[in-house]
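In what follows, a single structure is set out as structure tokens and then discussed.
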Amino acid sequence: MKCSRCKEPAQIALPSHHAGFCEPCFLEFFRRQLERGIRKQKLFDHSDSILLAISGGKDSLALARELKAMEYDLTGLHVDLGIPGSSEKARAVVEAFCQAHDIPLVVVALEEEGIPIPEVKRRIHRPICSVCGKVKRYYFNKLAQDRGFTVLATGHNLDDEVARLFANTLRWDAAYLSDQGPLLPAEGGFARKVKPLWRISEYETAAYCFFTGIEYHMAACPYSEGASFTRHKKLLADLEEASPGQKLSFYQSFLESGRPAFAASEAEHGPELTPCAQCGYPTSAELCGVCRVRDALGQEPAA
């Protein structure tokens, strides 16, 4: 196969784009896809200050490298979950990467906050992935708001977004379908949240890391075994293999036709948000989900 751009021998095939690329042309393709996603959804510009959640995985590191190279005002945020044998490795990867690429980094250690995930798993009888996600989102938003960042970015890729869309559609979860997309505007105590990799697949971010020499944390979370999210990704990967381009088409069609309808309905019928009685975080109940976790663990909100 020859490169679709320069006609040199291709090093990667992308059936979903009916293309193949050599290394330099693939890296150019990756940046153009990222730029197109940012521009098409009007996610941010160079006047914004961006707080990027960096887990240590391939997606957030690839995004961090590109945004830094594109000269955005970028700061990294890593939430150390406190999981033995996993979290310390992920944190070390993030710290080494940010130091090497001159990216300022903020670290939130959940053990210091009094809510380490192993203790949450032991004491809270709910699916741990759901609780962990809630806790991470809480600190993502809190740091973005407290430190005056205009944008909160995450490394969710196309596969992540399509799997989430599929799961929400299976449940017809109108509340989640109404706000799923690459951009959530700042409102009601929430920072503007963006997902710049929404056009880029997991395979493409892995290839980007391979070509650029990024060493990322590869081990799966030890608590994620049996998660339905993983099964959904496998099913959708099989569909993509049979019909290349279906994932992006499905997601873009939802953004154009589905989300506006759900958003209009939720704006009319959705719950009103008020500040949490303990920490001030926006919630539809008296206490936010994280303060309820703290109460279950016998912890006070951090100052």
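Letters A, B, ... go to the chains of the structure tokens in the order shown; residues in each chain start at 1; ligands are counted from 1 in the same order.
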Please run DSSP on the backbone and report, as a PyMOL selection string, all residues within segment 180-248 of chain A that come out as strand (DSSP E).
chain A and resi 183-184+193-194
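Among the residues of segment 31-69 of chain A, backbone DSSP assigns helix (DSSP H, G or I) to Arg31, Arg32, Gln33, Leu34, Glu35, Arg36, Gly37, Ile38, Arg39, Lys40, Gln41, Lys58, Asp59, Ser60, Leu61, Ala62, Leu63, Ala64, Arg65, Glu66, Leu67, Lys68 and Ala69 of chain A.
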Using only C-alpha atoms, which protein or nucleic acid residues come within 10 Å of Lys42 of chain A? Drop anything in the same chain fewer than 3 positions from it, and give the result as a short mmCIF file (atom, residue, chain, number, x, y, z; two decimals) with N, CA and C atoms, in the first residue's frame.
```
data_model
loop_
_atom_site.label_atom_id
_atom_site.label_comp_id
_atom_site.auth_asym_id
_atom_site.auth_seq_id
_atom_site.Cartn_x
_atom_site.Cartn_y
_atom_site.Cartn_z
N ARG A 36 -9.65 19.85 13.10
CA ARG A 36 -11.02 19.87 12.55
C ARG A 36 -12.05 19.68 13.65
N GLY A 37 -11.77 18.76 14.59
CA GLY A 37 -12.69 18.55 15.69
C GLY A 37 -12.83 19.77 16.57
N ILE A 38 -11.72 20.45 16.84
CA ILE A 38 -11.74 21.67 17.66
C ILE A 38 -12.51 22.78 16.95
N ARG A 39 -12.21 22.95 15.67
CA ARG A 39 -12.83 24.03 14.90
C ARG A 39 -14.32 23.78 14.65
N ASP A 45 -10.01 28.27 21.73
CA ASP A 45 -9.02 28.90 20.86
C ASP A 45 -7.81 29.27 21.70
N PRO A 182 -18.95 16.62 22.20
CA PRO A 182 -17.59 17.14 22.41
C PRO A 182 -17.53 18.41 23.23
N LEU A 183 -18.68 19.09 23.41
CA LEU A 183 -18.68 20.37 24.11
C LEU A 183 -19.86 20.47 25.06
N VAL A 194 -14.64 19.93 27.28
CA VAL A 194 -14.45 19.60 25.87
C VAL A 194 -13.73 18.27 25.72
N PRO A 196 -11.54 17.02 22.72
CA PRO A 196 -10.97 17.32 21.40
C PRO A 196 -10.71 16.10 20.52
#
```
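Take the candidates A:Cys6, A:Ala62, A:Ala296, A:Cys288 and check each one against Val135 of chain A using only C-alpha atoms; the shortest distance goes to A:Cys288.
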Wanna dump the segment 49-130 of chain A-segment 205-221 of chain A contacts at 6 Å for me, each residue with its shortest atom pair and the distance in Å to one decimal, counting only C-alpha atoms, ordered by chain and number, as JSON lines?
```
{"residue": "A:Gly56", "atom": "CA", "partner": "A:His217", "partner_atom": "CA", "distance": 5.3}
{"residue": "A:Gly57", "atom": "CA", "partner": "A:His217", "partner_atom": "CA", "distance": 5.1}
{"residue": "A:Lys58", "atom": "CA", "partner": "A:Tyr216", "partner_atom": "CA", "distance": 5.5}
{"residue": "A:Asp59", "atom": "CA", "partner": "A:Thr205", "partner_atom": "CA", "distance": 5.8}
{"residue": "A:Ala90", "atom": "CA", "partner": "A:His217", "partner_atom": "CA", "distance": 5.6}
```
Those residues with N, CA and C atoms, as a short mmCIF file (atom, residue, chain, number, x, y, z; two decimals), in the first residue's frame please?
```cif
data_model
loop_
_atom_site.label_atom_id
_atom_site.label_comp_id
_atom_site.auth_asym_id
_atom_site.auth_seq_id
_atom_site.Cartn_x
_atom_site.Cartn_y
_atom_site.Cartn_z
N GLY A 56 -2.50 9.19 32.20
CA GLY A 56 -1.32 8.37 31.97
C GLY A 56 -1.50 7.40 30.83
N GLY A 57 -2.73 7.29 30.32
CA GLY A 57 -3.01 6.44 29.17
C GLY A 57 -2.66 7.13 27.87
N LYS A 58 -2.79 6.39 26.79
CA LYS A 58 -2.34 6.88 25.48
C LYS A 58 -3.11 8.10 25.00
N ASP A 59 -4.41 8.14 25.26
CA ASP A 59 -5.24 9.21 24.71
C ASP A 59 -4.90 10.58 25.29
N ALA A 90 0.82 4.92 37.14
CA ALA A 90 0.20 5.91 36.26
C ALA A 90 0.69 7.31 36.61
#
```
Can I get the residues of segment 47-126 of chain A within 8 Å of segment 150-157 of chain A, each with the closest pair of atoms and their distance in Å to one decimal, using only C-alpha atoms, sorted chain first then ascending number, as JSON lines?
```
{"residue": "A:Asp48", "atom": "CA", "partner": "A:Thr150", "partner_atom": "CA", "distance": 5.8}
{"residue": "A:Ser49", "atom": "CA", "partner": "A:Thr150", "partner_atom": "CA", "distance": 5.4}
{"residue": "A:Ile50", "atom": "CA", "partner": "A:Val151", "partner_atom": "CA", "distance": 4.8}
{"residue": "A:Leu51", "atom": "CA", "partner": "A:Leu152", "partner_atom": "CA", "distance": 4.9}
{"residue": "A:Leu52", "atom": "CA", "partner": "A:Ala153", "partner_atom": "CA", "distance": 4.6}
{"residue": "A:Ala53", "atom": "CA", "partner": "A:Thr154", "partner_atom": "CA", "distance": 5.2}
{"residue": "A:Ile54", "atom": "CA", "partner": "A:Thr154", "partner_atom": "CA", "distance": 7.4}
{"residue": "A:Asp59", "atom": "CA", "partner": "A:Gly155", "partner_atom": "CA", "distance": 5.2}
{"residue": "A:Ser60", "atom": "CA", "partner": "A:Gly155", "partner_atom": "CA", "distance": 4.4}
{"residue": "A:Leu63", "atom": "CA", "partner": "A:Gly155", "partner_atom": "CA", "distance": 6.5}
```
Neighbour list for segment 102-104 of chain A as a count of residues only, cut-off 7 Å, only C-alpha atoms, skip fewer than 5 positions in-chain
3
Segment 122-125 of chain A surroundings by only C-alpha atoms, 12 Å radius, close-in-sequence under 5 positions cut, as a PyMOL selection string
chain A and resi 115-117+130-132+223+289-290+292-298
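In this structure, atom CA of Phe21 of chain A sits 28.4 Å away from atom CA of Leu255 of chain A.
We find atom CA of Lys195 of chain A and atom CA of Pro244 of chain A to be spaced 22.3 Å apart.
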